[in-house]
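S.K.: Got a file for you: entry20.pdb, PDB, C-alpha atoms.
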ATOM      1  CA  MET F 265     113.865 101.071 109.511
ATOM      2  CA  PRO F 266     117.338 101.522 108.007
ATOM      3  CA  THR F 267     120.386 101.268 110.239
ATOM      4  CA  PRO F 268     123.944 102.526 109.696
ATOM      5  CA  ASP F 269     124.865  99.208 108.061
ATOM      6  CA  ARG F 270     121.556  98.060 106.556
ATOM      7  CA  SER F 271     119.400  99.773 103.956
ATOM      8  CA  GLU F 272     115.707  99.093 103.457
ATOM      9  CA  PRO F 273     114.533  96.100 101.371
ATOM     10  CA  ALA F 274     115.742  96.155  97.766
ATOM     11  CA  ASN F 275     117.204  93.293  95.773
ATOM     12  CA  LEU F 276     118.835  93.220  92.342
ATOM     13  CA  LEU F 277     118.190  90.234  90.091
ATOM     14  CA  THR F 278     120.384  89.838  87.006
ATOM     15  CA  ALA F 279     120.250  87.168  84.311
ATOM     16  CA  ASP F 280     121.914  87.681  80.942
ATOM     17  CA  ASP F 281     120.685  91.110  79.793
ATOM     18  CA  PHE F 282     117.812  91.189  82.284
ATOM     19  CA  SER F 283     118.239  93.333  85.407
ATOM     20  CA  ALA F 284     115.347  93.982  87.767
ATOM     21  CA  LEU F 285     114.827  95.377  91.210
ATOM     22  CA  VAL F 286     112.761  93.278  93.572
ATOM     23  CA  ASP F 287     111.283  95.807  95.979
ATOM     24  CA  ALA F 288     112.743  99.295  96.211
ATOM     25  CA  GLY F 289     113.054 100.599  99.743
ATOM     26  CA  ASP F 290     114.588 103.947 100.600
ATOM     27  CA  GLY F 291     118.245 104.124  99.571
ATOM     28  CA  THR F 292     117.937 101.832  96.557
ATOM     29  CA  VAL F 293     119.707 104.187  94.125
ATOM     30  CA  VAL F 294     122.567 104.777  96.572
ATOM     31  CA  GLN F 295     123.023 101.036  97.057
ATOM     32  CA  LEU F 296     123.137 100.513  93.292
ATOM     33  CA  ALA F 297     125.847 103.155  93.060
ATOM     34  CA  ARG F 298     127.809 101.417  95.804
ATOM     35  CA  ARG F 299     127.739  98.292  93.620
ATOM     36  CA  GLY F 300     128.975 100.297  90.641
ATOM     37  CA  LEU F 301     125.661 100.038  88.785
ATOM     38  CA  ASP F 302     123.556 102.794  87.288
ATOM     39  CA  LEU F 303     119.874 102.919  86.492
ATOM     40  CA  THR F 304     120.358 102.312  82.764
ATOM     41  CA  ARG F 305     120.726  98.627  83.652
ATOM     42  CA  ILE F 306     117.327  98.421  85.321
ATOM     43  CA  SER F 307     114.409  97.548  83.054
ATOM     44  CA  ALA F 308     111.870  96.336  85.624
ATOM     45  CA  VAL F 309     110.853  96.645  89.266
ATOM     46  CA  PHE F 310     108.806  94.021  91.113
ATOM     47  CA  ILE F 311     106.993  95.386  94.165
ATOM     48  CA  SER F 312     105.769  92.851  96.722
ATOM     49  CA  HIS F 313     103.420  95.165  98.626
ATOM     50  CA  HIS F 314     102.835  98.809  99.358
ATOM     51  CA  HIS F 315     104.407  99.380 102.756
ATOM     52  CA  MET F 316     106.817 102.304 102.694
ATOM     53  CA  ASP F 317     109.908 100.271 103.578
ATOM     54  CA  HIS F 318     109.447  98.366 100.303
ATOM     55  CA  THR F 319     108.529 101.314  98.051
ATOM     56  CA  GLY F 320     110.256 104.382  99.529
ATOM     57  CA  GLY F 321     113.054 104.352  96.939
ATOM     58  CA  LEU F 322     110.726 104.154  93.952
ATOM     59  CA  PRO F 323     110.464 107.940  93.367
ATOM     60  CA  ALA F 324     114.239 108.198  92.925
ATOM     61  CA  VAL F 325     114.354 105.189  90.593
ATOM     62  CA  ILE F 326     111.613 106.607  88.373
ATOM     63  CA  GLY F 327     112.617 110.260  88.647
ATOM     64  CA  LEU F 328     116.346 109.906  88.034
ATOM     65  CA  ARG F 329     115.829 107.627  85.018
ATOM     66  CA  TRP F 330     113.538 110.243  83.498
ATOM     67  CA  MET F 331     115.629 113.291  84.482
ATOM     68  CA  ASN F 332     118.748 111.777  82.941
ATOM     69  CA  ASN F 333     116.880 110.727  79.788
ATOM     70  CA  MET F 334     117.854 107.087  80.194
ATOM     71  CA  PRO F 335     116.804 104.836  77.317
ATOM     72  CA  GLY F 336     113.932 102.406  77.474
ATOM     73  CA  GLN F 337     110.728 102.330  79.429
ATOM     74  CA  LEU F 338     110.777 101.090  83.025
ATOM     75  CA  THR F 339     108.143  98.446  83.774
ATOM     76  CA  ILE F 340     106.866  98.278  87.333
ATOM     77  CA  TYR F 341     105.053  95.138  88.424
ATOM     78  CA  GLY F 342     103.114  94.938  91.649
ATOM     79  CA  PRO F 343      99.779  94.197  93.308
ATOM     80  CA  PRO F 344      96.652  96.269  92.669
ATOM     81  CA  GLY F 345      97.289  99.820  93.816
ATOM     82  CA  THR F 346     100.714  99.986  92.182
ATOM     83  CA  ARG F 347      99.369 102.145  89.363
ATOM     84  CA  GLU F 348      98.001 104.648  91.882
ATOM     85  CA  ILE F 349     101.398 104.872  93.584
ATOM     86  CA  VAL F 350     103.238 105.383  90.295
ATOM     87  CA  ASP F 351     100.693 107.959  89.126
ATOM     88  CA  GLY F 352     101.311 109.850  92.365
ATOM     89  CA  ILE F 353     105.069 109.791  91.807
ATOM     90  CA  ILE F 354     104.592 111.025  88.245
ATOM     91  CA  ALA F 355     102.388 113.854  89.544
ATOM     92  CA  THR F 356     105.176 115.067  91.842
ATOM     93  CA  MET F 357     107.450 115.324  88.797
ATOM     94  CA  GLY F 358     105.160 117.870  87.117
ATOM     95  CA  PRO F 359     106.967 121.026  88.318
ATOM     96  CA  GLN F 360     110.368 119.754  87.173
ATOM     97  CA  SER F 361     108.898 118.653  83.860
ATOM     98  CA  ARG F 362     107.601 122.183  83.265
ATOM     99  CA  VAL F 363     110.837 123.867  84.385
ATOM    100  CA  GLY F 364     113.155 121.449  82.600
ATOM    101  CA  PHE F 365     116.754 122.630  82.753
ATOM    102  CA  GLY F 366     115.929 126.324  82.456
ATOM    103  CA  LEU F 367     116.621 126.593  78.733
ATOM    104  CA  GLY F 368     113.568 128.584  77.787
ATOM    105  CA  LEU F 369     109.885 128.140  77.146
ATOM    106  CA  GLY F 370     110.466 126.409  73.825
ATOM    107  CA  GLN F 371     112.248 123.520  75.468
ATOM    108  CA  LYS F 372     110.681 120.124  74.876
ATOM    109  CA  SER F 373     111.004 117.219  77.268
ATOM    110  CA  THR F 374     109.608 113.710  77.322
ATOM    111  CA  PRO F 375     106.578 113.552  79.625
ATOM    112  CA  PRO F 376     107.487 111.647  82.796
ATOM    113  CA  SER F 377     104.516 109.351  82.257
ATOM    114  CA  ASP F 378     106.087 108.079  79.024
ATOM    115  CA  SER F 379     109.139 106.768  80.877
ATOM    116  CA  VAL F 380     107.306 104.132  82.899
ATOM    117  CA  ARG F 381     104.516 101.609  82.571
ATOM    118  CA  VAL F 382     102.709  99.599  85.238
ATOM    119  CA  VAL F 383     101.573  95.976  85.196
ATOM    120  CA  GLU F 384      99.375  95.085  88.154
ATOM    121  CA  MET F 385      99.496  91.429  89.158
ATOM    122  CA  ARG F 386      97.262  89.144  91.174
ATOM    123  CA  SER F 387      97.794  85.724  92.656
ATOM    124  CA  GLY F 388      98.682  83.175  89.985
ATOM    125  CA  ASP F 389      99.628  85.716  87.333
ATOM    126  CA  GLN F 390     102.736  85.052  85.242
ATOM    127  CA  VAL F 391     104.872  87.325  83.093
ATOM    128  CA  SER F 392     108.065  86.774  81.116
ATOM    129  CA  SER F 393     111.045  88.965  80.355
ATOM    130  CA  GLY F 394     113.705  87.467  78.130
ATOM    131  CA  ASN F 395     114.498  84.031  79.506
ATOM    132  CA  VAL F 396     113.033  84.813  82.923
ATOM    133  CA  LYS F 397     109.552  83.595  83.838
ATOM    134  CA  ILE F 398     107.983  85.268  86.864
ATOM    135  CA  THR F 399     105.079  83.898  88.890
ATOM    136  CA  ALA F 400     103.264  85.822  91.626
ATOM    137  CA  VAL F 401     101.144  84.444  94.460
ATOM    138  CA  GLU F 402      99.317  86.193  97.259
ATOM    139  CA  ASN F 403     100.849  85.574 100.672
ATOM    140  CA  SER F 404      99.592  86.184 104.219
ATOM    141  CA  HIS F 405     101.025  89.614 105.049
ATOM    142  CA  TYR F 406      97.548  91.157 105.148
ATOM    143  CA  ASP F 407      94.536  90.058 107.170
ATOM    144  CA  GLU F 408      92.391  87.445 105.452
ATOM    145  CA  SER F 409      89.304  88.663 107.301
ATOM    146  CA  VAL F 410      88.764  91.226 104.540
ATOM    147  CA  SER F 411      89.164  88.651 101.765
ATOM    148  CA  GLY F 412      85.692  89.311 100.427
ATOM    149  CA  LYS F 413      86.408  92.925  99.554
ATOM    150  CA  ALA F 414      87.164  93.492  95.883
ATOM    151  CA  ASP F 415      89.426  96.457  96.587
ATOM    152  CA  ARG F 416      91.388  94.914  99.475
ATOM    153  CA  ALA F 417      95.155  95.168  99.581
ATOM    154  CA  ILE F 418      97.171  92.091  98.688
ATOM    155  CA  SER F 419     100.820  91.231  99.214
ATOM    156  CA  LEU F 420     102.752  89.124  96.720
ATOM    157  CA  SER F 421     105.606  86.641  96.756
ATOM    158  CA  TYR F 422     107.476  86.023  93.484
ATOM    159  CA  ARG F 423     109.245  83.101  91.870
ATOM    160  CA  PHE F 424     111.813  83.875  89.172
ATOM    161  CA  GLN F 425     112.474  80.894  86.910
ATOM    162  CA  LEU F 426     115.769  81.225  85.038
ATOM    163  CA  GLY F 427     116.243  78.232  82.761
ATOM    164  CA  SER F 428     116.386  75.210  85.042
ATOM    165  CA  ARG F 429     117.125  77.343  88.117
ATOM    166  CA  SER F 430     114.859  79.425  90.314
ATOM    167  CA  ILE F 431     114.876  82.111  92.969
ATOM    168  CA  THR F 432     111.825  82.624  95.171
ATOM    169  CA  TYR F 433     111.258  85.870  97.064
ATOM    170  CA  SER F 434     108.978  86.013 100.071
ATOM    171  CA  GLY F 435     108.345  89.721 100.364
ATOM    172  CA  ASP F 436     106.719  90.141 103.775
ATOM    173  CA  THR F 437     104.574  87.189 104.813
ATOM    174  CA  GLY F 438     103.443  84.979 107.619
ATOM    175  CA  PRO F 439     103.069  81.214 107.178
ATOM    176  CA  SER F 440     101.387  80.681 103.815
ATOM    177  CA  ALA F 441     100.420  77.540 101.917
ATOM    178  CA  ALA F 442     100.508  79.449  98.626
ATOM    179  CA  PHE F 443     104.004  80.776  99.327
ATOM    180  CA  GLU F 444     105.181  77.300 100.362
ATOM    181  CA  LYS F 445     103.879  75.833  97.100
ATOM    182  CA  LEU F 446     105.533  78.623  95.108
ATOM    183  CA  ALA F 447     108.875  77.883  96.794
ATOM    184  CA  THR F 448     108.759  74.121  96.211
ATOM    185  CA  GLY F 449     112.075  72.886  94.834
ATOM    186  CA  THR F 450     113.543  76.371  94.498
ATOM    187  CA  ASP F 451     117.319  76.749  94.393
ATOM    188  CA  LEU F 452     117.341  79.926  96.463
ATOM    189  CA  LEU F 453     114.665  81.152  98.846
ATOM    190  CA  VAL F 454     115.150  84.815  99.776
ATOM    191  CA  SER F 455     113.036  85.491 102.830
ATOM    192  CA  GLU F 456     112.176  87.845 105.611
ATOM    193  CA  VAL F 457     112.228  86.645 109.243
ATOM    194  CA  ILE F 458     111.111  88.046 112.593
ATOM    195  CA  ASP F 459     112.701  87.697 116.035
ATOM    196  CA  LEU F 460     109.283  88.007 117.634
ATOM    197  CA  ASP F 461     109.613  88.006 121.435
ATOM    198  CA  PRO F 462     112.615  90.375 121.552
ATOM    199  CA  ILE F 463     111.025  92.848 119.161
ATOM    200  CA  LEU F 464     107.785  92.922 121.164
ATOM    201  CA  ALA F 465     109.794  93.433 124.353
ATOM    202  CA  SER F 466     111.706  96.236 122.656
ATOM    203  CA  ILE F 467     108.472  97.966 121.646
ATOM    204  CA  ARG F 468     107.177  97.722 125.214
ATOM    205  CA  LYS F 469     110.400  99.244 126.536
ATOM    206  CA  THR F 470     110.870 102.040 124.012
ATOM    207  CA  ARG F 471     107.194 103.005 123.598
ATOM    208  CA  PRO F 472     105.668 103.116 127.091
ATOM    209  CA  ASP F 473     103.258 105.749 125.755
ATOM    210  CA  MET F 474     101.704 103.324 123.263
ATOM    211  CA  PRO F 475      98.027 102.611 124.046
ATOM    212  CA  GLU F 476      97.420  98.981 124.941
ATOM    213  CA  ALA F 477      94.964  98.507 122.072
ATOM    214  CA  VAL F 478      97.581  99.730 119.603
ATOM    215  CA  PHE F 479     100.203  97.421 121.085
ATOM    216  CA  GLN F 480      97.870  94.426 120.866
ATOM    217  CA  SER F 481      97.077  95.242 117.241
ATOM    218  CA  MET F 482     100.779  95.537 116.440
ATOM    219  CA  SER F 483     101.470  92.296 118.289
ATOM    220  CA  LYS F 484      98.867  90.503 116.176
ATOM    221  CA  HIS F 485     100.346  91.924 112.984
ATOM    222  CA  LEU F 486     103.907  90.981 113.867
ATOM    223  CA  SER F 487     103.002  87.481 115.044
ATOM    224  CA  THR F 488     100.728  86.510 112.145
ATOM    225  CA  HIS F 489     101.816  88.624 109.166
ATOM    226  CA  HIS F 490     105.559  87.970 109.500
ATOM    227  CA  ILE F 491     107.341  84.632 109.648
ATOM    228  CA  THR F 492     109.227  83.298 112.660
ATOM    229  CA  PRO F 493     112.411  81.212 112.357
ATOM    230  CA  VAL F 494     110.551  78.054 113.393
ATOM    231  CA  ASP F 495     107.813  78.563 110.800
ATOM    232  CA  LEU F 496     110.324  79.528 108.116
ATOM    233  CA  GLY F 497     112.443  76.444 108.779
ATOM    234  CA  SER F 498     109.363  74.245 108.568
ATOM    235  CA  LEU F 499     108.290  75.864 105.298
ATOM    236  CA  ALA F 500     111.772  75.556 103.772
ATOM    237  CA  ALA F 501     111.995  71.895 104.739
ATOM    238  CA  LYS F 502     108.544  70.984 103.399
ATOM    239  CA  ALA F 503     109.231  72.911 100.179
ATOM    240  CA  ASN F 504     112.597  71.164  99.738
ATOM    241  CA  VAL F 505     114.426  74.470  99.370
ATOM    242  CA  SER F 506     118.092  74.087  98.393
ATOM    243  CA  ARG F 507     119.375  77.237 100.110
ATOM    244  CA  LEU F 508     117.833  79.857 102.370
ATOM    245  CA  VAL F 509     118.933  83.496 102.421
ATOM    246  CA  LEU F 510     117.575  85.883 105.044
ATOM    247  CA  THR F 511     117.562  89.522 103.943
ATOM    248  CA  HIS F 512     114.796  91.461 105.701
ATOM    249  CA  PHE F 513     115.102  91.217 109.471
ATOM    250  CA  ALA F 514     112.317  92.270 111.840
ATOM    251  CA  ILE F 515     114.524  92.489 114.906
ATOM    252  CA  PRO F 516     115.105  94.941 117.774
ATOM    253  CA  PRO F 517     117.260  98.009 117.020
ATOM    254  CA  ALA F 518     120.501  96.223 117.852
ATOM    255  CA  PRO F 519     123.250  94.460 115.886
ATOM    256  CA  LEU F 520     122.059  91.448 113.896
ATOM    257  CA  THR F 521     124.528  89.289 115.816
ATOM    258  CA  ASN F 522     122.283  89.699 118.877
ATOM    259  CA  SER F 523     119.522  87.776 117.094
ATOM    260  CA  GLU F 524     121.562  85.435 114.894
ATOM    261  CA  ALA F 525     121.746  82.461 117.259
ATOM    262  CA  ARG F 526     117.975  82.505 117.886
ATOM    263  CA  LEU F 527     117.224  82.799 114.179
ATOM    264  CA  ARG F 528     119.507  79.916 113.245
ATOM    265  CA  GLU F 529     118.301  77.695 116.083
ATOM    266  CA  GLY F 530     114.647  78.150 115.184
ATOM    267  CA  ILE F 531     115.225  77.455 111.498
ATOM    268  CA  SER F 532     117.399  74.406 112.191
ATOM    269  CA  ARG F 533     114.630  72.620 114.093
ATOM    270  CA  SER F 534     113.200  71.580 110.724
ATOM    271  CA  TYR F 535     115.563  72.731 107.974
ATOM    272  CA  SER F 536     119.058  71.290 107.574
ATOM    273  CA  GLY F 537     120.112  73.113 104.409
ATOM    274  CA  PRO F 538     122.496  76.082 104.191
ATOM    275  CA  VAL F 539     121.283  79.344 105.713
ATOM    276  CA  ASP F 540     122.831  82.751 104.986
ATOM    277  CA  LEU F 541     122.140  85.933 106.929
ATOM    278  CA  ALA F 542     122.789  88.327 104.080
ATOM    279  CA  ILE F 543     124.644  91.589 104.479
ATOM    280  CA  ASP F 544     124.032  94.617 102.281
ATOM    281  CA  LEU F 545     125.552  94.362  98.773
ATOM    282  CA  GLN F 546     126.215  90.625  99.125
ATOM    283  CA  SER F 547     125.521  88.567  95.996
ATOM    284  CA  PHE F 548     124.372  84.984  95.435
ATOM    285  CA  ASP F 549     124.686  82.931  92.237
ATOM    286  CA  VAL F 550     122.310  80.095  91.372
ATOM    287  CA  ALA F 551     124.398  79.027  88.353
ATOM    288  CA  CYS F 552     121.657  79.491  85.778
ATOM    289  CA  LYS F 553     121.702  77.008  82.930
TER     290      LYS F 553
END
Just dump the structure as structure tokens.
M.R.:
Amino acid sequence: MPTPDRSEPANLLTADDFSALVDAGDGTVVQLARRGLDLTRISAVFISHHHMDHTGGLPAVIGLRWMNNMPGQLTIYGPPGTREIVDGIIATMGPQSRVGFGLGLGQKSTPPSDSVRVVEMRSGDQVSSGNVKITAVENSHYDESVSGKADRAISLSYRFQLGSRSITYSGDTGPSAAFEKLATGTDLLVSEVIDLDPILASIRKTRPDMPEAVFQSMSKHLSTHHITPVDLGSLAAKANVSRLVLTHFAIPPAPLTNSEARLREGISRSYSGPVDLAIDLQSFDVACK
């Protein structure tokens, strides 16, 4: 959930003329404006998975680009199901497309569907845009017990290779051998992290009405489908990550400073490299060359 000082997950990757969003939680367009950027700069969006906190800002990104007749087609990459989400967003734009700007029935406008294209990705898929090579792998954010189902949901982590430099993005994930391999030798690992015991205690306290079965299911999800500081530090150390940046915090509804010491201590048990707890609108440079 957003807080007064933190928006939902959305990251901006820029390299030369390439600018892409990596996830697009609610508030993405506002955050871009706060950085002095408009949507004409954005040519691609990479969605890690289909939870609302990672996709809630997508309608504004798509809709405002189309409404303002911005040049170029937006390409949205994501796991299977992304096309269905985008088609749904396009469908909601139908009434505005028919009304236009109220200039009469003869008015012509570009169909919203022409302003965007979708590329669905699976584990191991690679795409390129300019000098940037992007690799996707499936991580462990969803239950593997349904792995035999052809239509099951998958969650992706991405590696962006920019010349000799790389940035790896976790999305949401628990411990994952595929994600660890993807992150091997990366210059910058941008990751989620969970402060598990305090967040479970917070749920118990604030939701006494929650049925026990629901709480146990949520507890399993949070403990296996998200990554703890100890597990993240171990992964970063084994993958020989140069720098770790935490951006998506599963913590109780309290200031980040309340969790910072626990997060750093858990990570430092295995990982001795630099660790940043990112704040909104902060930028990091991997000195691409």
S.K.: So which residues get picked by the PyMOL selection byres ((chain F and resi 499) around 10) here, written as a ChimeraX atom specification?
M.R.: /F:439-441,443-445,447-448,491,493-498,500-505,531,534-535
S.K.: Using only C-alpha atoms, which residue out of F:Arg329, F:Phe310, F:Leu520, F:Gly320 lies closest to F:Glu272?
M.R.: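 Distance minimum relative to F:Glu272 lands on F:Gly320.
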S.K.: Report the distance between atom CA of F:Gly438 and atom CA of F:Arg528 in Å, rounded to one decimal place.
M.R.: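 Separation between atom CA of F:Gly438 and atom CA of F:Arg528: 17.8 Å.
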S.K.: Residues picked by the PyMOL selection byres ((chain F and resi 420-425) around 7) here, as number ranges by chain?
M.R.: F: 312-313, 343, 396-403, 418-419, 426-427, 429-435, 443, 446
S.K.: Would you put the residues from that selection into a file with C-alpha atoms, as a JSON list (two decimals), in the frame of the given file?
M.R.:
[["chain", "number", "residue", "atom", "x", "y", "z"],
["F", 312, "SER", "CA", 105.77, 92.85, 96.72],
["F", 313, "HIS", "CA", 103.42, 95.16, 98.63],
["F", 343, "PRO", "CA", 99.78, 94.20, 93.31],
["F", 396, "VAL", "CA", 113.03, 84.81, 82.92],
["F", 397, "LYS", "CA", 109.55, 83.60, 83.84],
["F", 398, "ILE", "CA", 107.98, 85.27, 86.86],
["F", 399, "THR", "CA", 105.08, 83.90, 88.89],
["F", 400, "ALA", "CA", 103.26, 85.82, 91.63],
["F", 401, "VAL", "CA", 101.14, 84.44, 94.46],
["F", 402, "GLU", "CA", 99.32, 86.19, 97.26],
["F", 403, "ASN", "CA", 100.85, 85.57, 100.67],
["F", 418, "ILE", "CA", 97.17, 92.09, 98.69],
["F", 419, "SER", "CA", 100.82, 91.23, 99.21],
["F", 426, "LEU", "CA", 115.77, 81.22, 85.04],
["F", 427, "GLY", "CA", 116.24, 78.23, 82.76],
["F", 429, "ARG", "CA", 117.12, 77.34, 88.12],
["F", 430, "SER", "CA", 114.86, 79.42, 90.31],
["F", 431, "ILE", "CA", 114.88, 82.11, 92.97],
["F", 432, "THR", "CA", 111.82, 82.62, 95.17],
["F", 433, "TYR", "CA", 111.26, 85.87, 97.06],
["F", 434, "SER", "CA", 108.98, 86.01, 100.07],
["F", 435, "GLY", "CA", 108.34, 89.72, 100.36],
["F", 443, "PHE", "CA", 104.00, 80.78, 99.33],
["F", 446, "LEU", "CA", 105.53, 78.62, 95.11]]
S.K.: Can you tell me which residues surround F:Val286 at a distance of at most 7 Å, considering all atoms listed in the file, apart from same-chain residues fewer than 3 positions away, and format the answer as a count of residues only?
M.R.: 6
S.K.: If you apply the PyMOL selection byres ((chain F and resi 325) around 12) to this file, what residues do you get, as an NGL selection string?
M.R.: :F and (274 or 284-285 or 287-297 or 302-309 or 319-324 or 326-332 or 334 or 338-340 or 350 or 353-354 or 379-380)
S.K.: Generate a file of the selected residues that holds C-alpha atoms, formatted as a short mmCIF file (atom, residue, chain, number, x, y, z; two decimals), in the frame of the given file.
M.R.:
data_model
loop_
_atom_site.label_atom_id
_atom_site.label_comp_id
_atom_site.auth_asym_id
_atom_site.auth_seq_id
_atom_site.Cartn_x
_atom_site.Cartn_y
_atom_site.Cartn_z
CA ALA F 274 115.74 96.16 97.77
CA ALA F 284 115.35 93.98 87.77
CA LEU F 285 114.83 95.38 91.21
CA ASP F 287 111.28 95.81 95.98
CA ALA F 288 112.74 99.30 96.21
CA GLY F 289 113.05 100.60 99.74
CA ASP F 290 114.59 103.95 100.60
CA GLY F 291 118.24 104.12 99.57
CA THR F 292 117.94 101.83 96.56
CA VAL F 293 119.71 104.19 94.12
CA VAL F 294 122.57 104.78 96.57
CA GLN F 295 123.02 101.04 97.06
CA LEU F 296 123.14 100.51 93.29
CA ALA F 297 125.85 103.16 93.06
CA ASP F 302 123.56 102.79 87.29
CA LEU F 303 119.87 102.92 86.49
CA THR F 304 120.36 102.31 82.76
CA ARG F 305 120.73 98.63 83.65
CA ILE F 306 117.33 98.42 85.32
CA SER F 307 114.41 97.55 83.05
CA ALA F 308 111.87 96.34 85.62
CA VAL F 309 110.85 96.64 89.27
CA THR F 319 108.53 101.31 98.05
CA GLY F 320 110.26 104.38 99.53
CA GLY F 321 113.05 104.35 96.94
CA LEU F 322 110.73 104.15 93.95
CA PRO F 323 110.46 107.94 93.37
CA ALA F 324 114.24 108.20 92.92
CA ILE F 326 111.61 106.61 88.37
CA GLY F 327 112.62 110.26 88.65
CA LEU F 328 116.35 109.91 88.03
CA ARG F 329 115.83 107.63 85.02
CA TRP F 330 113.54 110.24 83.50
CA MET F 331 115.63 113.29 84.48
CA ASN F 332 118.75 111.78 82.94
CA MET F 334 117.85 107.09 80.19
CA LEU F 338 110.78 101.09 83.02
CA THR F 339 108.14 98.45 83.77
CA ILE F 340 106.87 98.28 87.33
CA VAL F 350 103.24 105.38 90.30
CA ILE F 353 105.07 109.79 91.81
CA ILE F 354 104.59 111.02 88.24
CA SER F 379 109.14 106.77 80.88
CA VAL F 380 107.31 104.13 82.90
#
S.K.: Between atom CA of F:Met385 and atom CA of F:Gly358, what is the spacing in Å?
M.R.: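 A separation of 27.1 Å between them.
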S.K.: Any idea what the distance is between atom CA of F:Asp351 and atom CA of F:His315?
M.R.: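 Between atom CA of F:Asp351 and atom CA of F:His315 the gap works out to 16.5 Å.
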S.K.: Using only C-alpha atoms, which of the listed residues (F:Ser361, F:Ser404, F:Thr470, F:Ser506) sits closest to F:Gly449?
M.R.: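 Looking only at the distances to F:Gly449, the closest residue turns out to be F:Ser506.
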S.K.: Do you know which residues are at most 7 Å from F:Thr511 counting all atoms listed in the file, after dropping those on the same chain fewer than 5 positions away, and could you put them as a VMD selection string?
M.R.: chain F and resid 454 to 456 541 to 542
S.K.: With C-alpha atoms retained, output stretch 376-430 of chain F as a short mmCIF file (atom, residue, chain, number, x, y, z; two decimals), in the first residue's frame.
M.R.:
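Output (part-v3.cif):
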data_model
loop_
_atom_site.label_atom_id
_atom_site.label_comp_id
_atom_site.auth_asym_id
_atom_site.auth_seq_id
_atom_site.Cartn_x
_atom_site.Cartn_y
_atom_site.Cartn_z
CA PRO F 376 -6.57 3.34 -28.49
CA SER F 377 -5.52 -0.18 -29.47
CA ASP F 378 -3.12 1.26 -32.06
CA SER F 379 -1.15 3.13 -29.39
CA VAL F 380 0.12 0.04 -27.58
CA ARG F 381 1.41 -3.44 -28.28
CA VAL F 382 2.00 -6.35 -25.91
CA VAL F 383 4.85 -8.85 -25.81
CA GLU F 384 4.22 -11.70 -23.39
CA MET F 385 7.37 -13.28 -21.98
CA ARG F 386 8.18 -16.58 -20.31
CA SER F 387 11.17 -17.78 -18.36
CA GLY F 388 14.35 -17.57 -20.43
CA ASP F 389 12.95 -15.21 -23.05
CA GLN F 390 15.15 -12.35 -24.24
CA VAL F 391 14.34 -9.12 -26.06
CA SER F 392 16.44 -6.15 -27.13
CA SER F 393 15.75 -2.45 -27.40
CA GLY F 394 18.56 -0.31 -28.73
CA ASN F 395 21.69 -1.26 -26.82
CA VAL F 396 19.73 -2.84 -23.97
CA LYS F 397 19.33 -6.62 -23.78
CA ILE F 398 16.61 -7.85 -21.44
CA THR F 399 16.34 -11.37 -20.03
CA ALA F 400 13.36 -12.67 -18.05
CA VAL F 401 13.23 -15.63 -15.67
CA GLU F 402 10.39 -17.02 -13.61
CA ASN F 403 10.84 -16.50 -9.88
CA SER F 404 9.10 -17.99 -6.84
CA HIS F 405 6.38 -15.44 -6.08
CA TYR F 406 3.65 -17.92 -7.00
CA ASP F 407 3.09 -21.42 -5.65
CA GLU F 408 4.98 -24.12 -7.53
CA SER F 409 2.34 -26.70 -6.63
CA VAL F 410 0.38 -25.64 -9.71
CA SER F 411 3.41 -25.86 -12.00
CA GLY F 412 1.77 -28.46 -14.20
CA LYS F 413 -1.04 -26.17 -15.28
CA ALA F 414 -0.53 -24.62 -18.70
CA ASP F 415 -2.49 -21.49 -17.82
CA ARG F 416 -0.94 -20.88 -14.38
CA ALA F 417 0.24 -17.43 -13.40
CA ILE F 418 3.97 -16.75 -13.43
CA SER F 419 6.02 -13.93 -11.94
CA LEU F 420 9.16 -12.65 -13.64
CA SER F 421 12.48 -11.13 -12.63
CA TYR F 422 14.40 -9.15 -15.27
CA ARG F 423 18.04 -8.49 -16.06
CA PHE F 424 18.86 -5.41 -18.13
CA GLN F 425 22.26 -5.66 -19.81
CA LEU F 426 23.58 -2.25 -20.86
CA GLY F 427 26.93 -2.67 -22.60
CA SER F 428 29.25 -4.19 -20.02
CA ARG F 429 26.98 -3.18 -17.12
CA SER F 430 23.80 -4.73 -15.79
#
